[in-house]
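Student: Please read through the structure below; I'll follow up with questions.
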Amino acid sequence: MASVLDVKESKAFERMIVVAGLPVGGNHRSLTKLVKSHFQDIKNEGGVVEDVIYPTRTKGVAYVIFKEKKVAENVIRKKKHSLADKFGPFQLTVSHLSEKVFSSVNATLDLSVFLGQVILESLVRDLKKNIPSLCFSPLERNGRISVQGSFLAMKKLKESLLLKASSLLEKDRSFISEGAKWNRQSPGRSLQRSSNSLESLRSSVPKATRCGETLVLDTDVFLYLKKKKSWFESTLKRFNVLCQESVDGEITTICIKNAHSGLQENNEKLVKEYIEKLSHALHFELRKETLALEGKEKREKRTIKLACEQLNSKYLQVLINFYETHIDIIGPSSDIYLLKEEVMKLIRQTARRR
């Protein structure tokens, strides 16, 4: 698997861009050629491309290295990039290396829970109109659809669907209430379909929305918030609330509930607002680097891990997460840059001593 660590020349980072929003799946070689062709096109402010690193650990993300730093800057300045593909054009997100923690999130939605309540095609059209930055695949017959976009856009999508589900639940309750008044003699059969739809929608709405407060965060942002911000734990204790987390890949859903019954429900809402504001600020403040371990020899893996461990106590504002296949380094941009340089230096020194 490709890694930015494979780029030996440190100045190459200045000529490298991160490209997110690429179609997931398909032929990697063909897609690599397509990406290279796009960024060599003068119409796209492109120039000579030295290398395209793809696939990477992050789905739908590639690294493009230009021969000149100026070309990389021009490409990023253009902002809007659309990649033509047999499945349709894909809107790309282009940024400097380490410019953002999250480039792109992929999700598969099951909209079948809305069947019988709304026309799914109309629902998808409304979502596309309200959140134009998201890319939707064609809607399948079973109600499933793939979506790709930034974390903030994906968060807005989830909130929109929850709001839609909640409004339909309210309509169903009103309908059942009116039906009960007019059909007291034989209410069962006429309300059967509506009740089934109600149960289907109710099961699709997370329990957290019916008990306590729920909040959707990027997993890396949440981990940083939890492990590097003492404010997080102190706030939970101060307001006497509990935080239950459910991690699903790049997205973490947290449920905020009062620790004891009888406490003010307003506490849950206040804590949610505080966490939401801080996490939103961190989303734009934090940067992330990923050091790939997959495909490397045991000795090389150990060298990279030891280098990160040695520097861990020096950079207190940086969170280092160790995984079997990679190491994630998350923190402020300046700290990430300096730590990365020191890691590379330690690796080179260790290699020379052998």
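A note on labels: chains of the structure tokens are A, B, ... as shown, every chain counts residues from 1, and ligands are counted from 1 in their shown order.
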Could you name the residues that touch A:Tyr274 at 12 Å or less, counting only C-alpha atoms, but leaving out those on the same chain fewer than 2 positions away, as a PDB file with N, CA, C and O atoms, in the first residue's frame?
Tutor:
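Resulting contents of out_3.pdb:
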```pdb
ATOM      1  N   LEU A 215     -24.995  13.102  19.173  1.00  0.00           N
ATOM      2  CA  LEU A 215     -24.106  13.967  18.409  1.00  0.00           C
ATOM      3  C   LEU A 215     -23.197  13.098  17.548  1.00  0.00           C
ATOM      4  O   LEU A 215     -22.659  12.096  18.017  1.00  0.00           O
ATOM      5  N   LEU A 225     -10.278  14.968  21.045  1.00  0.00           N
ATOM      6  CA  LEU A 225     -11.046  15.679  22.070  1.00  0.00           C
ATOM      7  C   LEU A 225     -11.020  14.927  23.394  1.00  0.00           C
ATOM      8  O   LEU A 225     -10.830  15.517  24.469  1.00  0.00           O
ATOM      9  N   TRP A 231     -10.609  19.345  29.175  1.00  0.00           N
ATOM     10  CA  TRP A 231     -11.918  20.011  29.240  1.00  0.00           C
ATOM     11  C   TRP A 231     -13.050  19.016  29.073  1.00  0.00           C
ATOM     12  O   TRP A 231     -14.108  19.155  29.693  1.00  0.00           O
ATOM     13  N   PHE A 232     -12.849  18.000  28.244  1.00  0.00           N
ATOM     14  CA  PHE A 232     -13.915  17.055  27.929  1.00  0.00           C
ATOM     15  C   PHE A 232     -14.410  16.333  29.186  1.00  0.00           C
ATOM     16  O   PHE A 232     -15.596  16.375  29.526  1.00  0.00           O
ATOM     17  N   THR A 235     -15.924  18.665  31.899  1.00  0.00           N
ATOM     18  CA  THR A 235     -17.263  19.158  31.572  1.00  0.00           C
ATOM     19  C   THR A 235     -18.320  18.102  31.880  1.00  0.00           C
ATOM     20  O   THR A 235     -19.397  18.416  32.407  1.00  0.00           O
ATOM     21  N   LEU A 236     -18.021  16.852  31.547  1.00  0.00           N
ATOM     22  CA  LEU A 236     -18.956  15.768  31.854  1.00  0.00           C
ATOM     23  C   LEU A 236     -19.205  15.679  33.364  1.00  0.00           C
ATOM     24  O   LEU A 236     -20.346  15.504  33.806  1.00  0.00           O
ATOM     25  N   PHE A 239     -21.283  18.823  34.766  1.00  0.00           N
ATOM     26  CA  PHE A 239     -22.710  18.792  34.489  1.00  0.00           C
ATOM     27  C   PHE A 239     -23.361  17.461  34.887  1.00  0.00           C
ATOM     28  O   PHE A 239     -24.544  17.258  34.662  1.00  0.00           O
ATOM     29  N   ILE A 256     -25.339  11.582  24.969  1.00  0.00           N
ATOM     30  CA  ILE A 256     -25.120  12.314  26.216  1.00  0.00           C
ATOM     31  C   ILE A 256     -26.365  12.189  27.082  1.00  0.00           C
ATOM     32  O   ILE A 256     -27.460  12.608  26.682  1.00  0.00           O
ATOM     33  N   ASN A 267     -29.037  20.146  30.987  1.00  0.00           N
ATOM     34  CA  ASN A 267     -27.613  19.813  31.102  1.00  0.00           C
ATOM     35  C   ASN A 267     -27.125  19.050  29.883  1.00  0.00           C
ATOM     36  O   ASN A 267     -26.027  19.287  29.374  1.00  0.00           O
ATOM     37  N   GLU A 268     -27.932  18.102  29.414  1.00  0.00           N
ATOM     38  CA  GLU A 268     -27.566  17.302  28.247  1.00  0.00           C
ATOM     39  C   GLU A 268     -27.401  18.192  27.019  1.00  0.00           C
ATOM     40  O   GLU A 268     -26.447  18.041  26.251  1.00  0.00           O
ATOM     41  N   LYS A 269     -28.324  19.129  26.842  1.00  0.00           N
ATOM     42  CA  LYS A 269     -28.268  20.017  25.679  1.00  0.00           C
ATOM     43  C   LYS A 269     -27.072  20.954  25.747  1.00  0.00           C
ATOM     44  O   LYS A 269     -26.421  21.226  24.730  1.00  0.00           O
ATOM     45  N   LEU A 270     -26.768  21.441  26.959  1.00  0.00           N
ATOM     46  CA  LEU A 270     -25.627  22.345  27.119  1.00  0.00           C
ATOM     47  C   LEU A 270     -24.318  21.645  26.781  1.00  0.00           C
ATOM     48  O   LEU A 270     -23.476  22.195  26.062  1.00  0.00           O
ATOM     49  N   VAL A 271     -24.151  20.425  27.301  1.00  0.00           N
ATOM     50  CA  VAL A 271     -22.926  19.665  27.028  1.00  0.00           C
ATOM     51  C   VAL A 271     -22.813  19.363  25.538  1.00  0.00           C
ATOM     52  O   VAL A 271     -21.729  19.457  24.953  1.00  0.00           O
ATOM     53  N   LYS A 272     -23.935  19.015  24.910  1.00  0.00           N
ATOM     54  CA  LYS A 272     -23.926  18.747  23.473  1.00  0.00           C
ATOM     55  C   LYS A 272     -23.456  19.981  22.705  1.00  0.00           C
ATOM     56  O   LYS A 272     -22.632  19.883  21.784  1.00  0.00           O
ATOM     57  N   GLU A 276     -20.093  20.230  20.508  1.00  0.00           N
ATOM     58  CA  GLU A 276     -20.282  20.514  19.087  1.00  0.00           C
ATOM     59  C   GLU A 276     -19.439  21.700  18.644  1.00  0.00           C
ATOM     60  O   GLU A 276     -18.785  21.659  17.587  1.00  0.00           O
ATOM     61  N   LYS A 277     -19.411  22.749  19.453  1.00  0.00           N
ATOM     62  CA  LYS A 277     -18.642  23.947  19.101  1.00  0.00           C
ATOM     63  C   LYS A 277     -17.143  23.651  19.076  1.00  0.00           C
ATOM     64  O   LYS A 277     -16.436  24.052  18.149  1.00  0.00           O
ATOM     65  N   LEU A 278     -16.668  22.933  20.100  1.00  0.00           N
ATOM     66  CA  LEU A 278     -15.240  22.636  20.165  1.00  0.00           C
ATOM     67  C   LEU A 278     -14.814  21.683  19.053  1.00  0.00           C
ATOM     68  O   LEU A 278     -13.764  21.878  18.420  1.00  0.00           O
ATOM     69  N   SER A 279     -15.621  20.664  18.791  1.00  0.00           N
ATOM     70  CA  SER A 279     -15.269  19.700  17.741  1.00  0.00           C
ATOM     71  C   SER A 279     -15.273  20.361  16.368  1.00  0.00           C
ATOM     72  O   SER A 279     -14.462  20.029  15.504  1.00  0.00           O
ATOM     73  N   HIS A 280     -16.192  21.303  16.169  1.00  0.00           N
ATOM     74  CA  HIS A 280     -16.243  22.017  14.893  1.00  0.00           C
ATOM     75  C   HIS A 280     -14.980  22.854  14.707  1.00  0.00           C
ATOM     76  O   HIS A 280     -14.404  22.909  13.607  1.00  0.00           O
ATOM     77  N   ALA A 281     -14.529  23.502  15.782  1.00  0.00           N
ATOM     78  CA  ALA A 281     -13.289  24.292  15.710  1.00  0.00           C
ATOM     79  C   ALA A 281     -12.082  23.382  15.460  1.00  0.00           C
ATOM     80  O   ALA A 281     -11.206  23.711  14.654  1.00  0.00           O
TER      81      ALA A 281
END
```
Student: One number please: atom CA of A:Ser334 to atom CA of A:Leu316, in Å, one decimal.
Tutor: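 These atoms are spaced 12.6 Å apart.
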Student: Out of A:Ile327, A:Ile17, A:Leu319, A:Ala153, which residue has the shortest atom-to-atom distance to A:Leu293 when counting only C-alpha atoms?
Tutor: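 Checking each of A:Ile327, A:Ile17, A:Leu319, A:Ala153 against A:Leu293, counting only C-alpha atoms, the winner is A:Ile327.
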Student: List the spatial neighbours of A:Ile320 as a VMD selection string - criterion: any atom at most 8 Å away, only C-alpha atoms, same-chain residues fewer than 5 positions off excluded.
Tutor: chain A and resid 308 312 327 to 330
Student: Only C-alpha atoms, please: the residues just picked out, written as a short mmCIF file (atom, residue, chain, number, x, y, z; two decimals), in the first residue's frame.
Tutor:
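Done, and the output landed in out-v9.cif:
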```cif
data_model
loop_
_atom_site.label_atom_id
_atom_site.label_comp_id
_atom_site.auth_asym_id
_atom_site.auth_seq_id
_atom_site.Cartn_x
_atom_site.Cartn_y
_atom_site.Cartn_z
CA CYS A 308 7.06 8.10 17.26
CA ASN A 312 5.41 11.47 21.92
CA ILE A 327 0.18 5.17 12.63
CA ASP A 328 -2.04 8.26 12.69
CA ILE A 329 -0.52 11.56 13.89
CA ILE A 330 -3.10 14.26 14.66
#
```
Student: Pick out the closest residue to A:Ile131 from this set: A:Val147, A:Val247, A:Leu311, A:Ile119. Count only C-alpha atoms.
Tutor: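 So, comparing all the options, the nearest one is A:Val147.
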Student: I need the residue nearest A:Tyr63 from this list: A:Ser234, A:Ser82, A:Thr32, A:Ser160. Use only C-alpha atoms for the distance.
Tutor: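 Looking only at the distances to A:Tyr63, the closest residue turns out to be A:Thr32.
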Student: Would you pick out the contacts of A:Ala62 at 7 Å or less, using only C-alpha atoms, so that residues sharing its chain but fewer than 3 positions from it are not included, and give the list as a VMD selection string?
Tutor: chain A and resid 18 to 20 52 to 56
Student: With only C-alpha atoms as the atoms that count, which of A:Glu297, A:Thr214, A:Leu115, A:Leu127 lies nearest to A:Lys257?
Tutor: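 Going through A:Glu297, A:Thr214, A:Leu115, A:Leu127 one by one, the smallest distance to A:Lys257 is for A:Thr214.
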Student: With distances taken over only C-alpha atoms, which residue among A:Asn74, A:Asn27, A:Asn142, A:Asn266 lies nearest A:Phe39?
Tutor: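 So, comparing all the options, the nearest one is A:Asn74.
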Student: Interatomic distance between atom CA of A:Lys67 and atom CA of A:Leu31?
Tutor: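 Atom CA of A:Lys67 sits 20.4 Å away from atom CA of A:Leu31.
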Student: Mind checking which residues fall within 9 Å of A:Asn106, counting only C-alpha atoms, ignoring those fewer than 2 positions away in the same chain, and posting them as a list in words?
Tutor: Gly21, Val24, Lys59, Gly60, Ser104, Thr108, Ser146, Val147, Gln148, Gly149, Ser150, Met154 and Glu250 of chain A
Student: Using N, CA, C and O atoms, can you write the selected residues to a file as a PDB file, in the first residue's frame?
Tutor:
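Saved the output as result-v1.pdb:
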```
ATOM      1  N   GLY A  21     -12.217  12.276  -2.934  1.00  0.00           N
ATOM      2  CA  GLY A  21     -13.465  12.209  -3.693  1.00  0.00           C
ATOM      3  C   GLY A  21     -13.403  11.310  -4.900  1.00  0.00           C
ATOM      4  O   GLY A  21     -14.311  11.308  -5.741  1.00  0.00           O
ATOM      5  N   VAL A  24     -14.620   4.921  -5.455  1.00  0.00           N
ATOM      6  CA  VAL A  24     -14.056   3.771  -4.750  1.00  0.00           C
ATOM      7  C   VAL A  24     -14.310   2.500  -5.550  1.00  0.00           C
ATOM      8  O   VAL A  24     -15.404   2.285  -6.063  1.00  0.00           O
ATOM      9  N   LYS A  59      -9.726   5.409   1.679  1.00  0.00           N
ATOM     10  CA  LYS A  59     -10.489   5.135   0.461  1.00  0.00           C
ATOM     11  C   LYS A  59     -10.823   6.425  -0.276  1.00  0.00           C
ATOM     12  O   LYS A  59     -11.231   7.412   0.327  1.00  0.00           O
ATOM     13  N   GLY A  60     -10.647   6.384  -1.594  1.00  0.00           N
ATOM     14  CA  GLY A  60     -11.014   7.534  -2.418  1.00  0.00           C
ATOM     15  C   GLY A  60     -10.026   8.685  -2.372  1.00  0.00           C
ATOM     16  O   GLY A  60     -10.334   9.786  -2.819  1.00  0.00           O
ATOM     17  N   SER A 104     -12.429  12.994   2.893  1.00  0.00           N
ATOM     18  CA  SER A 104     -13.643  12.446   2.308  1.00  0.00           C
ATOM     19  C   SER A 104     -14.172  11.282   3.141  1.00  0.00           C
ATOM     20  O   SER A 104     -13.398  10.544   3.739  1.00  0.00           O
ATOM     21  N   THR A 108     -22.928   4.099   2.772  1.00  0.00           N
ATOM     22  CA  THR A 108     -24.024   3.481   2.026  1.00  0.00           C
ATOM     23  C   THR A 108     -25.296   3.614   2.852  1.00  0.00           C
ATOM     24  O   THR A 108     -25.347   3.154   3.995  1.00  0.00           O
ATOM     25  N   SER A 146     -25.179   4.921  -2.423  1.00  0.00           N
ATOM     26  CA  SER A 146     -23.870   5.280  -1.888  1.00  0.00           C
ATOM     27  C   SER A 146     -23.693   6.792  -1.943  1.00  0.00           C
ATOM     28  O   SER A 146     -24.105   7.441  -2.905  1.00  0.00           O
ATOM     29  N   VAL A 147     -23.050   7.328  -0.908  1.00  0.00           N
ATOM     30  CA  VAL A 147     -22.845   8.777  -0.808  1.00  0.00           C
ATOM     31  C   VAL A 147     -21.395   9.045  -0.447  1.00  0.00           C
ATOM     32  O   VAL A 147     -20.788   8.311   0.336  1.00  0.00           O
ATOM     33  N   GLN A 148     -20.843  10.112  -1.016  1.00  0.00           N
ATOM     34  CA  GLN A 148     -19.459  10.488  -0.741  1.00  0.00           C
ATOM     35  C   GLN A 148     -19.360  11.992  -0.585  1.00  0.00           C
ATOM     36  O   GLN A 148     -19.996  12.755  -1.311  1.00  0.00           O
ATOM     37  N   GLY A 149     -18.565  12.425   0.407  1.00  0.00           N
ATOM     38  CA  GLY A 149     -18.390  13.856   0.621  1.00  0.00           C
ATOM     39  C   GLY A 149     -17.618  14.129   1.892  1.00  0.00           C
ATOM     40  O   GLY A 149     -17.137  13.213   2.552  1.00  0.00           O
ATOM     41  N   SER A 150     -17.513  15.404   2.253  1.00  0.00           N
ATOM     42  CA  SER A 150     -16.792  15.785   3.462  1.00  0.00           C
ATOM     43  C   SER A 150     -17.554  15.327   4.696  1.00  0.00           C
ATOM     44  O   SER A 150     -18.768  15.059   4.636  1.00  0.00           O
ATOM     45  N   MET A 154     -21.568  15.132   5.365  1.00  0.00           N
ATOM     46  CA  MET A 154     -22.176  13.856   5.736  1.00  0.00           C
ATOM     47  C   MET A 154     -22.952  13.984   7.048  1.00  0.00           C
ATOM     48  O   MET A 154     -23.997  13.361   7.242  1.00  0.00           O
ATOM     49  N   GLU A 250     -14.984   5.899  10.327  1.00  0.00           N
ATOM     50  CA  GLU A 250     -14.608   7.307  10.372  1.00  0.00           C
ATOM     51  C   GLU A 250     -15.566   8.159  11.181  1.00  0.00           C
ATOM     52  O   GLU A 250     -15.290   9.326  11.449  1.00  0.00           O
TER      53      GLU A 250
END
```
